[in-house]
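S.K.: Sharing entry-v8.pdb, PDB, C-alpha atoms:
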ATOM      1  CA  MET A   1       8.457   0.264  -8.986
ATOM      2  CA  ASP A   2       8.020  -3.527  -9.042
ATOM      3  CA  GLN A   3      10.477  -5.551  -7.054
ATOM      4  CA  HIS A   4      11.646  -8.942  -8.087
ATOM      5  CA  ARG A   5      12.142 -11.467  -5.321
ATOM      6  CA  PRO A   6      14.278 -14.342  -6.546
ATOM      7  CA  PRO A   7      13.741 -17.662  -4.806
ATOM      8  CA  ARG A   8      15.863 -18.405  -1.775
ATOM      9  CA  TRP A   9      17.541 -21.808  -1.964
ATOM     10  CA  ARG A  10      18.398 -24.214   0.798
ATOM     11  CA  ILE A  11      20.852 -26.955  -0.063
ATOM     12  CA  ALA A  12      20.881 -30.104   2.039
ATOM     13  CA  LEU A  13      22.585 -33.437   2.050
ATOM     14  CA  VAL A  14      20.048 -36.180   2.706
ATOM     15  CA  ARG A  15      21.274 -39.409   4.255
ATOM     16  CA  GLU A  16      19.430 -42.431   2.889
ATOM     17  CA  LEU A  17      19.173 -45.375   5.236
ATOM     18  CA  ALA A  18      18.576 -48.030   2.596
ATOM     19  CA  GLY A  19      21.176 -49.022   0.065
ATOM     20  CA  PRO A  20      24.002 -51.434  -0.606
ATOM     21  CA  ALA A  21      26.173 -52.520   2.295
ATOM     22  CA  PHE A  22      29.805 -51.434   2.237
ATOM     23  CA  PRO A  23      32.738 -52.711   4.276
ATOM     24  CA  ALA A  24      33.390 -50.895   7.532
ATOM     25  CA  GLU A  25      37.085 -50.606   6.748
ATOM     26  CA  ASN A  26      38.569 -48.129   4.303
ATOM     27  CA  LEU A  27      38.715 -48.730   0.581
ATOM     28  CA  ARG A  28      42.502 -49.034   0.443
ATOM     29  CA  THR A  29      43.032 -50.858  -2.843
ATOM     30  CA  SER A  30      41.301 -51.250  -6.178
ATOM     31  CA  THR A  31      40.395 -54.787  -5.115
ATOM     32  CA  ASP A  32      38.622 -53.336  -2.059
ATOM     33  CA  VAL A  33      36.711 -50.975  -4.359
ATOM     34  CA  PHE A  34      35.805 -53.806  -6.746
ATOM     35  CA  GLU A  35      34.552 -55.992  -3.907
ATOM     36  CA  ALA A  36      32.537 -53.111  -2.402
ATOM     37  CA  PHE A  37      30.904 -52.271  -5.747
ATOM     38  CA  ARG A  38      30.651 -55.820  -7.046
ATOM     39  CA  PHE A  39      26.874 -55.605  -6.664
ATOM     40  CA  LEU A  40      26.992 -53.675  -9.970
ATOM     41  CA  GLU A  41      28.569 -56.430 -12.062
ATOM     42  CA  HIS A  42      25.309 -57.942 -13.339
ATOM     43  CA  ARG A  43      23.475 -54.695 -14.073
ATOM     44  CA  ASP A  44      21.914 -54.462 -17.520
ATOM     45  CA  ARG A  45      22.755 -50.761 -17.948
ATOM     46  CA  GLU A  46      25.761 -48.614 -17.233
ATOM     47  CA  GLU A  47      25.691 -46.998 -13.798
ATOM     48  CA  PHE A  48      28.142 -44.404 -12.560
ATOM     49  CA  TRP A  49      28.800 -44.161  -8.803
ATOM     50  CA  LEU A  50      31.192 -42.339  -6.568
ATOM     51  CA  ALA A  51      32.611 -42.990  -3.139
ATOM     52  CA  ALA A  52      33.225 -39.841  -1.096
ATOM     53  CA  LEU A  53      36.169 -39.954   1.297
ATOM     54  CA  ASP A  54      37.246 -37.747   4.180
ATOM     55  CA  GLY A  55      40.727 -36.317   4.773
ATOM     56  CA  LYS A  56      41.975 -39.697   6.017
ATOM     57  CA  ASN A  57      40.509 -41.506   2.988
ATOM     58  CA  ARG A  58      37.706 -43.040   5.063
ATOM     59  CA  LEU A  59      34.447 -43.751   3.268
ATOM     60  CA  ILE A  60      31.873 -41.126   4.266
ATOM     61  CA  GLY A  61      29.244 -41.870   1.644
ATOM     62  CA  THR A  62      28.362 -43.183  -1.787
ATOM     63  CA  HIS A  63      26.238 -41.676  -4.505
ATOM     64  CA  GLN A  64      24.723 -43.030  -7.708
ATOM     65  CA  VAL A  65      25.497 -40.302 -10.227
ATOM     66  CA  SER A  66      23.661 -41.731 -13.226
ATOM     67  CA  VAL A  67      22.019 -44.727 -14.845
ATOM     68  CA  GLY A  68      22.512 -44.935 -18.581
ATOM     69  CA  SER A  69      21.904 -47.357 -21.400
ATOM     70  CA  LEU A  70      23.500 -50.635 -22.362
ATOM     71  CA  ASN A  71      26.764 -49.005 -23.414
ATOM     72  CA  ALA A  72      26.668 -45.380 -22.278
ATOM     73  CA  SER A  73      26.109 -43.330 -19.175
ATOM     74  CA  LEU A  74      25.741 -39.557 -19.162
ATOM     75  CA  VAL A  75      28.111 -38.137 -16.573
ATOM     76  CA  HIS A  76      28.536 -34.410 -16.117
ATOM     77  CA  PRO A  77      31.113 -32.997 -13.691
ATOM     78  CA  ARG A  78      28.411 -30.903 -12.009
ATOM     79  CA  GLU A  79      26.560 -34.073 -10.960
ATOM     80  CA  VAL A  80      29.756 -35.570  -9.542
ATOM     81  CA  LEU A  81      30.868 -32.437  -7.720
ATOM     82  CA  LYS A  82      27.556 -31.624  -6.061
ATOM     83  CA  PRO A  83      27.486 -34.594  -3.649
ATOM     84  CA  LEU A  84      31.235 -34.317  -3.020
ATOM     85  CA  ILE A  85      30.915 -30.678  -1.995
ATOM     86  CA  LEU A  86      27.841 -31.335   0.139
ATOM     87  CA  ALA A  87      29.635 -34.193   1.905
ATOM     88  CA  SER A  88      32.760 -32.043   2.437
ATOM     89  CA  ALA A  89      34.764 -34.787   0.751
ATOM     90  CA  ALA A  90      38.535 -34.471   0.499
ATOM     91  CA  ALA A  91      38.855 -37.281  -2.041
ATOM     92  CA  CYS A  92      36.758 -39.628  -4.116
ATOM     93  CA  ILE A  93      36.804 -42.843  -6.064
ATOM     94  CA  LEU A  94      34.840 -43.059  -9.299
ATOM     95  CA  VAL A  95      33.170 -46.353 -10.186
ATOM     96  CA  HIS A  96      31.082 -47.507 -13.094
ATOM     97  CA  VAL A  97      29.941 -50.771 -14.613
ATOM     98  CA  HIS A  98      30.227 -52.118 -18.142
ATOM     99  CA  PRO A  99      27.229 -54.435 -18.663
ATOM    100  CA  SER A 100      29.118 -56.172 -21.476
ATOM    101  CA  GLY A 101      31.361 -57.662 -18.772
ATOM    102  CA  ASP A 102      34.517 -56.229 -20.376
ATOM    103  CA  PRO A 103      35.984 -53.681 -17.952
ATOM    104  CA  ASN A 104      38.488 -52.176 -20.387
ATOM    105  CA  PRO A 105      37.983 -48.409 -20.698
ATOM    106  CA  SER A 106      36.522 -46.860 -23.818
ATOM    107  CA  ALA A 107      37.784 -43.585 -25.269
ATOM    108  CA  GLU A 108      34.784 -41.917 -23.590
ATOM    109  CA  ASP A 109      35.774 -43.432 -20.226
ATOM    110  CA  VAL A 110      39.275 -42.001 -20.566
ATOM    111  CA  ALA A 111      37.908 -38.592 -21.586
ATOM    112  CA  ILE A 112      35.428 -38.308 -18.694
ATOM    113  CA  THR A 113      38.062 -39.498 -16.229
ATOM    114  CA  GLU A 114      40.437 -36.795 -17.441
ATOM    115  CA  ARG A 115      37.725 -34.157 -17.170
ATOM    116  CA  LEU A 116      36.607 -35.235 -13.702
ATOM    117  CA  VAL A 117      40.189 -35.297 -12.399
ATOM    118  CA  GLN A 118      40.668 -31.742 -13.663
ATOM    119  CA  VAL A 119      37.493 -30.260 -12.173
ATOM    120  CA  CYS A 120      37.827 -32.134  -8.886
ATOM    121  CA  GLU A 121      41.417 -30.946  -8.470
ATOM    122  CA  LEU A 122      40.246 -27.359  -9.019
ATOM    123  CA  LEU A 123      38.035 -27.737  -5.960
ATOM    124  CA  GLY A 124      40.611 -29.587  -3.882
ATOM    125  CA  VAL A 125      38.988 -33.022  -4.144
ATOM    126  CA  HIS A 126      41.505 -35.692  -5.149
ATOM    127  CA  VAL A 127      40.368 -38.468  -7.481
ATOM    128  CA  LEU A 128      42.153 -41.520  -6.103
ATOM    129  CA  ASP A 129      40.922 -44.009  -8.706
ATOM    130  CA  HIS A 130      38.354 -44.768 -11.363
ATOM    131  CA  VAL A 131      37.368 -48.431 -11.242
ATOM    132  CA  ILE A 132      35.370 -50.020 -14.043
ATOM    133  CA  VAL A 133      33.471 -53.109 -12.915
ATOM    134  CA  GLY A 134      33.031 -55.988 -15.346
ATOM    135  CA  ALA A 135      31.898 -59.588 -14.989
ATOM    136  CA  GLY A 136      34.154 -61.002 -12.256
ATOM    137  CA  ARG A 137      36.972 -58.562 -13.033
ATOM    138  CA  TYR A 138      37.738 -54.871 -13.062
ATOM    139  CA  PHE A 139      39.954 -52.169 -14.515
ATOM    140  CA  SER A 140      41.649 -49.596 -12.280
ATOM    141  CA  PHE A 141      43.010 -46.377 -13.777
ATOM    142  CA  ALA A 142      45.309 -45.985 -10.759
ATOM    143  CA  ASP A 143      46.674 -49.545 -10.917
ATOM    144  CA  GLU A 144      47.423 -49.143 -14.615
ATOM    145  CA  GLY A 145      49.242 -45.858 -13.995
ATOM    146  CA  ARG A 146      46.734 -44.023 -16.162
ATOM    147  CA  LEU A 147      45.319 -41.755 -13.488
ATOM    148  CA  ASN A 148      48.552 -39.922 -12.731
ATOM    149  CA  ALA A 149      49.387 -39.775 -16.435
ATOM    150  CA  LEU A 150      46.325 -37.662 -17.185
ATOM    151  CA  PRO A 151      47.214 -34.087 -18.129
ATOM    152  CA  ARG A 152      46.440 -31.614 -15.355
ATOM    153  CA  ASP A 153      48.027 -28.515 -16.846
ATOM    154  CA  ARG A 154      44.668 -27.240 -18.093
ATOM    155  CA  CYS A 155      43.344 -26.796 -14.547
TER     156      CYS A 155
END
Turn this file's structure into structure tokens for me.
M.R.:
Amino acid sequence: MDQHRPPRWRIALVRELAGPAFPAENLRTSTDVFEAFRFLEHRDREEFWLAALDGKNRLIGTHQVSVGSLNASLVHPREVLKPLILASAAACILVHVHPSGDPNPSAEDVAITERLVQVCELLGVHVLDHVIVGAGRYFSFADEGRLNALPRDRC
């Protein structure tokens, strides 16, 4: 009788030493988030990032989830959740850039925010905000009251 030996996996979180500098203090407001991620504002493609936070909402790491095209970025909840789980994050802040400079959310932005809030809440990771970076300005779902208004009854 032949035996099948499936591969054994080892999952690891790898700390990268190089990368953008972030403030030592916590990201307490959407303005703090905008200033920390302002390095994105002149990118020529959409990029989606996340900030992982501990139980006291202290920044424990950042992760570039995806790089897209001029007006779209493919974001799947699996790719957002993986680094959050590996970092043992209690909360997160979602961030992405609109290369057009206009930070107002598209229908797709609203839909992915809703989906990410739902799946993160299932795993006990609170989405504190989704900040869209534009040219010299930003949009915050939390500031606009649109984060708490998202339906969570489908969780």
S.K.: Just so the selection is clear, what residues does the PyMOL selection byres ((chain A and resi 89-100) around 8) cover here, as a PyMOL selection string?
M.R.: chain A and resi 37+40-55+57+60+70-71+84-88+101-103+124-135
S.K.: What is the distance, in Å and to one decimal place, between CA of Asn104 in chain A and CA of Glu144 in chain A?
M.R.: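 Computing the Euclidean distance for CA of Asn104 in chain A and CA of Glu144 in chain A yields 11.1 Å.
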S.K.: Pick from A:Arg10, A:Phe34, A:Phe139, A:Asn26: nearest to Ser106 in chain A, with only C-alpha atoms counted?
M.R.: A:Phe139
S.K.: In Å, rounded to a single decimal, give me how far CA of Val117 in chain A is from CA of Val80 in chain A.
M.R.: 10.8 Å
S.K.: For the provided coordinates, the residues matched by the PyMOL selection byres ((chain A and resi 13) around 9) should be stated as a list in words.
M.R.: Ile11, Ala12, Val14, Arg15, Pro83, Leu86 and Ala87 of chain A
S.K.: Counting all atoms listed in the file, which of A:Pro77, A:Val67, A:Ala107, A:Leu59 gets nearest to Leu122 in chain A?
M.R.: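 Between A:Pro77, A:Val67, A:Ala107, A:Leu59, the residue approaching Leu122 in chain A most closely is A:Pro77.
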S.K.: Using only C-alpha atoms, which of the listed residues (A:Gly145, A:Glu16, A:Leu116, A:Thr31) sits closest to Gln64 in chain A?
M.R.: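 Nearest candidate to Gln64 in chain A out of A:Gly145, A:Glu16, A:Leu116, A:Thr31: A:Glu16.
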S.K.: Go ahead and compute the interatomic distance for CA of Glu79 in chain A and CA of Arg115 in chain A, in Å to one decimal.
M.R.: 12.8 Å
S.K.: Looking at A:Val33, A:Leu123, A:Ala111, A:Ala142, which one is nearest to Val75 in chain A, with distances taken over only C-alpha atoms?
M.R.: A:Ala111
S.K.: Counting only C-alpha atoms, which residue out of A:Gln3, A:Asp109, A:Tyr138, A:Arg8 sits closest to Asp32 in chain A?
M.R.: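 For Asp32 in chain A, the nearest of the given residues is A:Tyr138.
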